[in-house]
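So this one's run.tsv, TSV, C-alpha atoms:
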```tsv
chain	number	residue	atom	x	y	z
A	1	THR	CA	141.90	83.47	133.06
A	2	GLY	CA	141.07	87.10	133.76
A	3	ALA	CA	138.28	89.11	132.22
A	4	PRO	CA	138.95	90.17	128.64
A	5	SER	CA	140.17	93.71	128.17
A	6	ALA	CA	138.02	96.09	126.20
A	7	PRO	CA	139.30	96.61	122.66
A	8	ARG	CA	140.74	100.01	121.81
A	9	ARG	CA	139.34	101.83	118.85
A	10	TYR	CA	140.44	105.02	117.14
A	11	ARG	CA	138.46	107.60	115.25
A	12	SER	CA	138.76	107.46	111.47
A	13	ALA	CA	137.50	110.93	110.50
A	14	PHE	CA	138.57	114.34	111.79
A	15	TYR	CA	136.95	117.70	111.15
A	16	GLY	CA	138.01	120.98	112.69
A	17	GLY	CA	139.91	119.50	115.60
A	18	SER	CA	141.21	121.93	118.21
A	19	SER	CA	144.36	119.86	118.78
A	20	SER	CA	146.39	117.27	116.89
A	21	PHE	CA	146.28	115.09	119.99
A	22	GLY	CA	142.53	114.85	119.64
A	23	GLU	CA	142.95	113.14	116.29
A	24	VAL	CA	144.48	110.08	117.94
A	25	ASP	CA	142.24	109.94	121.00
A	26	LYS	CA	141.25	106.39	121.79
A	27	PHE	CA	138.04	105.16	123.30
A	28	GLN	CA	137.07	101.79	124.67
A	29	SER	CA	134.03	99.67	123.97
A	30	PRO	CA	132.80	97.07	126.44
A	31	ALA	CA	133.76	93.45	125.94
A	32	ALA	CA	132.31	90.22	127.31
A	33	ASP	CA	133.66	86.68	127.42
A	34	ALA	CA	132.03	83.97	125.29
A	35	ALA	CA	130.33	82.26	128.24
A	36	THR	CA	128.57	85.48	129.30
A	37	ALA	CA	127.47	86.15	125.74
A	38	ALA	CA	126.06	82.61	125.36
A	39	THR	CA	124.11	82.89	128.61
A	40	ALA	CA	122.64	86.22	127.56
A	41	ALA	CA	121.66	84.85	124.16
A	42	ALA	CA	119.73	81.96	125.77
A	43	ALA	CA	117.70	84.29	128.00
A	44	ALA	CA	114.43	85.88	126.89
A	45	PRO	CA	115.30	89.04	124.91
A	46	GLU	CA	114.61	92.37	126.61
A	47	PHE	CA	115.74	94.36	123.60
A	48	THR	CA	115.52	93.52	119.92
A	49	MET	CA	116.35	95.28	116.67
A	50	MET	CA	114.54	95.02	113.36
A	51	ALA	CA	115.90	96.23	110.05
A	52	GLY	CA	113.51	97.56	107.46
A	53	GLU	CA	111.02	100.28	106.60
A	54	PHE	CA	108.78	101.21	109.52
A	55	LEU	CA	105.39	100.67	107.87
A	56	SER	CA	106.39	97.36	106.31
A	57	LEU	CA	107.41	96.10	109.76
A	58	TYR	CA	104.50	97.37	111.85
A	59	SER	CA	101.51	97.92	109.54
A	60	HIS	CA	100.02	94.62	110.74
A	61	PHE	CA	98.85	96.57	113.81
A	62	LEU	CA	96.45	98.60	111.63
A	63	PRO	CA	92.72	97.73	111.64
A	64	ASP	CA	92.66	96.80	107.93
A	65	HIS	CA	95.17	94.05	108.76
A	66	SER	CA	92.92	92.69	111.53
A	67	LYS	CA	93.42	89.06	110.54
A	68	ASN	CA	97.10	89.31	111.40
A	69	ALA	CA	96.83	92.01	114.08
A	70	PRO	CA	98.39	91.11	117.44
A	71	PRO	CA	96.02	90.78	120.43
A	72	SER	CA	95.71	93.78	122.73
A	73	ASP	CA	98.00	92.21	125.34
A	74	LYS	CA	100.79	92.08	122.74
A	75	LYS	CA	100.73	95.81	122.02
A	76	PHE	CA	103.34	98.24	123.29
A	77	HIS	CA	103.20	100.08	126.61
A	78	ALA	CA	105.20	102.96	125.09
A	79	VAL	CA	107.02	103.94	121.90
A	80	VAL	CA	109.94	106.38	121.97
A	81	CYS	CA	110.84	108.23	118.75
A	82	SER	CA	114.17	110.09	118.78
A	83	PHE	CA	115.08	112.00	115.60
A	84	PHE	CA	112.68	109.66	113.79
A	85	LEU	CA	109.24	111.01	112.91
A	86	ASP	CA	110.56	113.58	110.45
A	87	THR	CA	112.02	110.69	108.41
A	88	ALA	CA	108.47	109.60	107.53
A	89	PRO	CA	107.52	109.94	103.85
A	90	SER	CA	103.91	110.13	105.10
A	91	LEU	CA	103.67	111.43	108.66
A	92	PRO	CA	99.91	110.74	109.05
A	93	HIS	CA	100.46	107.05	108.21
A	94	TYR	CA	103.27	106.81	110.77
A	95	LEU	CA	101.18	108.42	113.50
A	96	LEU	CA	98.20	106.16	112.82
A	97	THR	CA	100.44	103.11	112.93
A	98	LEU	CA	101.97	104.23	116.22
A	99	TYR	CA	98.48	104.78	117.64
A	100	HIS	CA	97.42	101.23	116.83
A	101	MET	CA	100.73	99.79	118.08
A	102	LEU	CA	100.01	101.12	121.58
A	103	GLU	CA	97.72	99.65	124.19
A	104	GLU	CA	95.05	101.94	125.65
A	105	GLY	CA	96.81	104.44	127.90
A	106	GLY	CA	100.10	103.73	126.14
A	107	LEU	CA	102.59	106.56	125.69
A	108	LEU	CA	104.15	108.08	122.59
A	109	LEU	CA	107.33	110.08	123.23
A	110	HIS	CA	108.82	112.23	120.49
A	111	PHE	CA	112.08	114.17	120.52
A	112	GLY	CA	113.79	115.78	117.58
A	113	PRO	CA	113.65	118.48	114.92
A	114	LEU	CA	111.40	118.61	111.88
A	115	MET	CA	113.99	118.35	109.12
A	116	TYR	CA	111.96	116.01	106.87
A	117	HIS	CA	114.22	113.50	105.19
A	118	TRP	CA	112.14	113.32	102.00
A	119	SER	CA	112.00	117.09	101.50
A	120	GLY	CA	113.75	119.24	98.93
A	121	HIS	CA	113.19	117.26	95.71
A	122	GLY	CA	110.39	116.92	93.22
A	123	GLY	CA	109.19	120.52	93.42
A	124	PHE	CA	107.67	122.46	90.57
A	125	LEU	CA	109.39	124.92	88.28
A	126	PRO	CA	107.67	127.77	86.41
A	127	GLY	CA	105.64	126.27	83.59
A	128	GLU	CA	105.20	122.89	85.29
A	129	LYS	CA	101.98	123.65	87.15
A	130	GLN	CA	99.71	122.99	84.19
A	131	GLN	CA	98.59	119.38	83.88
A	132	ASP	CA	98.56	117.72	80.49
A	133	ALA	CA	96.59	114.73	79.27
A	134	ARG	CA	99.47	112.26	79.52
A	135	THR	CA	100.22	112.93	83.18
A	136	ASN	CA	96.79	113.82	84.61
A	137	ASN	CA	96.33	111.00	87.12
A	138	ASN	CA	92.88	109.78	88.04
A	139	SER	CA	91.89	109.71	91.69
A	140	GLY	CA	93.16	106.57	93.38
A	141	SER	CA	95.76	105.87	90.72
A	142	SER	CA	99.01	104.29	91.88
A	143	ARG	CA	100.95	106.08	89.15
A	144	PRO	CA	103.59	108.62	90.26
A	145	PRO	CA	102.13	112.10	90.96
A	146	TYR	CA	103.73	113.92	88.03
A	147	ILE	CA	102.07	117.17	86.99
A	148	ASN	CA	103.08	117.18	83.34
A	149	THR	CA	105.60	115.75	80.91
A	150	ALA	CA	108.35	118.20	81.86
A	151	HIS	CA	107.89	117.46	85.56
A	152	ARG	CA	107.99	113.71	84.89
A	153	ARG	CA	111.13	113.96	82.74
A	154	ARG	CA	112.96	115.93	85.42
A	155	ASN	CA	111.93	113.77	88.39
A	156	LYS	CA	111.46	110.23	87.09
A	157	HIS	CA	114.78	109.13	88.63
A	158	LEU	CA	113.64	110.05	92.15
A	159	ASP	CA	112.25	107.74	94.78
A	160	GLN	CA	108.51	108.41	94.66
A	161	ARG	CA	108.48	109.24	98.36
A	162	TYR	CA	110.14	112.55	97.51
A	163	LEU	CA	107.07	113.46	95.44
A	164	SER	CA	104.49	112.61	98.11
A	165	SER	CA	106.20	113.94	101.26
A	166	ILE	CA	104.81	117.07	102.94
A	167	ASP	CA	106.75	119.34	105.32
A	168	TYR	CA	104.35	119.88	108.21
A	169	THR	CA	104.72	122.67	110.76
A	170	TRP	CA	104.80	121.83	114.46
A	171	GLU	CA	101.23	123.12	114.81
A	172	GLU	CA	100.11	120.72	112.10
A	173	PHE	CA	102.16	117.92	113.65
A	174	ARG	CA	100.55	118.25	117.07
A	175	TYR	CA	97.08	118.64	115.50
A	176	MET	CA	97.51	115.27	113.77
A	177	VAL	CA	98.64	113.71	117.05
A	178	LEU	CA	95.41	114.89	118.67
A	179	GLN	CA	93.26	113.80	115.72
A	180	CYS	CA	94.73	110.29	115.83
A	181	GLY	CA	93.32	109.86	119.33
A	182	PHE	CA	96.13	110.97	121.62
A	183	GLU	CA	96.05	113.49	124.43
A	184	ILE	CA	99.18	115.59	124.91
A	185	LEU	CA	100.62	115.36	128.42
A	186	GLU	CA	103.88	117.28	127.99
A	187	GLU	CA	105.25	119.58	125.33
A	188	GLU	CA	108.41	121.64	125.16
A	189	MET	CA	109.96	123.52	122.27
A	190	TYR	CA	113.42	124.71	121.22
A	191	ILE	CA	115.52	122.25	123.21
A	192	PRO	CA	119.09	122.41	121.85
A	193	ALA	CA	120.50	119.01	120.94
A	194	ARG	CA	123.90	118.24	119.42
A	195	TYR	CA	123.92	115.76	116.55
A	196	THR	CA	126.87	113.38	116.08
A	197	GLY	CA	129.35	116.00	117.26
A	198	ASP	CA	132.83	115.75	118.70
A	199	GLU	CA	132.94	117.62	121.99
A	200	LYS	CA	136.54	118.72	121.29
A	201	GLY	CA	135.94	119.56	117.65
A	202	MET	CA	135.39	123.05	116.23
A	203	MET	CA	132.47	122.01	114.03
A	204	LYS	CA	129.18	120.92	115.56
A	205	VAL	CA	125.59	120.52	114.37
A	206	ILE	CA	122.96	121.63	116.87
A	207	TYR	CA	119.21	121.38	116.36
A	208	ASP	CA	116.43	123.15	118.24
A	209	CYS	CA	114.21	120.18	119.02
A	210	ALA	CA	110.65	119.60	120.14
A	211	PHE	CA	109.73	117.22	122.97
A	212	LEU	CA	106.27	115.73	123.26
A	213	VAL	CA	104.62	113.09	125.43
A	214	ALA	CA	101.19	111.89	124.30
A	215	ARG	CA	98.91	109.22	125.73
A	216	LYS	CA	96.54	107.04	123.75
A	217	LYS	CA	93.04	107.74	124.96
A	218	LYS	CA	91.02	104.89	126.36
A	219	SER	CA	88.17	103.59	124.26
A	220	LEU	CA	84.74	104.99	125.06
A	221	ASP	CA	83.44	101.44	124.85
A	222	GLY	CA	85.71	100.42	127.77
```
Using structure tokens, write down the structure from this file.
Amino acid sequence: TGAPSAPRRYRSAFYGGSSSFGEVDKFQSPAADAATAATAAAAAPEFTMMAGEFLSLYSHFLPDHSKNAPPSDKKFHAVVCSFFLDTAPSLPHYLLTLYHMLEEGGLLLHFGPLMYHWSGHGGFLPGEKQQDARTNNNSGSSRPPYINTAHRRRNKHLDQRYLSSIDYTWEEFRYMVLQCGFEILEEEMYIPARYTGDEKGMMKVIYDCAFLVARKKKSLDG
């Protein structure tokens, strides 16, 4: 039998198309026969995917998890982050985790905007900046960071990551990269990048992105 033909798929959503023909454009996705797929599955994986929150998946690389930390030869040579780091509810924690995931001399590559996924909610309104006794958290408390009763009432439905996220500038971002123990090798700003756009459509989203390559410094003890 011949090789299987690639299945045809059609777009299911149309916005601002320049032509009615574009709405029924087809595209093909690659297909493989069962024997090829079985052979590939038996081979050692060169690429894997993990579903879950970043810190819950990789925090075992951190020093305070040393009992379960992978040996140095199991760390990553490089980590590439594309449109990712601004999704962090706590950017410093993400950067520290990435630092410890890398071997000495390992590379961190970042590309994307700073849109901050957890931004825009949980802010203060006039009259909410005074703390009251019922919401004044002690240092180290795991309770949500509400300022007062009115602030708690208005934001208690939110994921708590909205209340702890900070929108850092690029200057602050790169400063934290350096403070974590990286050295910056390359840096470029304002690179236009289209986001999930249709080339033939009349509506597109374009971000001015930052590109950064940083290398984990070698230990002074080495």
Mind giving me the straight-line distance from CA of Pro89 in chain A to CA of Thr149 in chain A in Å, one decimal? 23.7 Å
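One finds CA of Ala193 in chain A at 9.7 Å from CA of Phe111 in chain A.
When CA of Ala214 in chain A is paired with CA of Tyr116 in chain A, their separation reads 20.9 Å.
Distances from A:Val177, A:Leu57, A:Ala210, A:Ala78 to Leu95 in chain A were compared using all atoms listed in the file, and the smallest one belongs to A:Val177.
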Asp208 in chain A environment, 6 Å, all atoms listed in the file, sequence neighbours closer than 5 positions dropped, as a list in words: Tyr190, Ile191 and Pro192 of chain A
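With all atoms listed in the file as the basis for measurement, A:Val79 is the residue among A:Val79, A:Leu62, A:Met203, A:Cys209 that approaches Leu107 in chain A most closely.
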Enclose the full set of atoms of range 160-176 of chain A listed in the file within a box whose edges lie along x, y and z, apply 3 Å of padding to each of the six sides, and report centre and edge lengths in Å to one decimal as AutoDock Vina command-line options.
```
--center_x 103.6 --center_y 115.8 --center_z 105.9 --size_x 19.1 --size_y 20.7 --size_z 28.4
```
Close residues, Met115 in chain A itself excluded, 12 Å, only C-alpha atoms, min 3 positions apart in chain, as a ChimeraX atom specification: /A:83-89,112,118-120,165-170,207-210
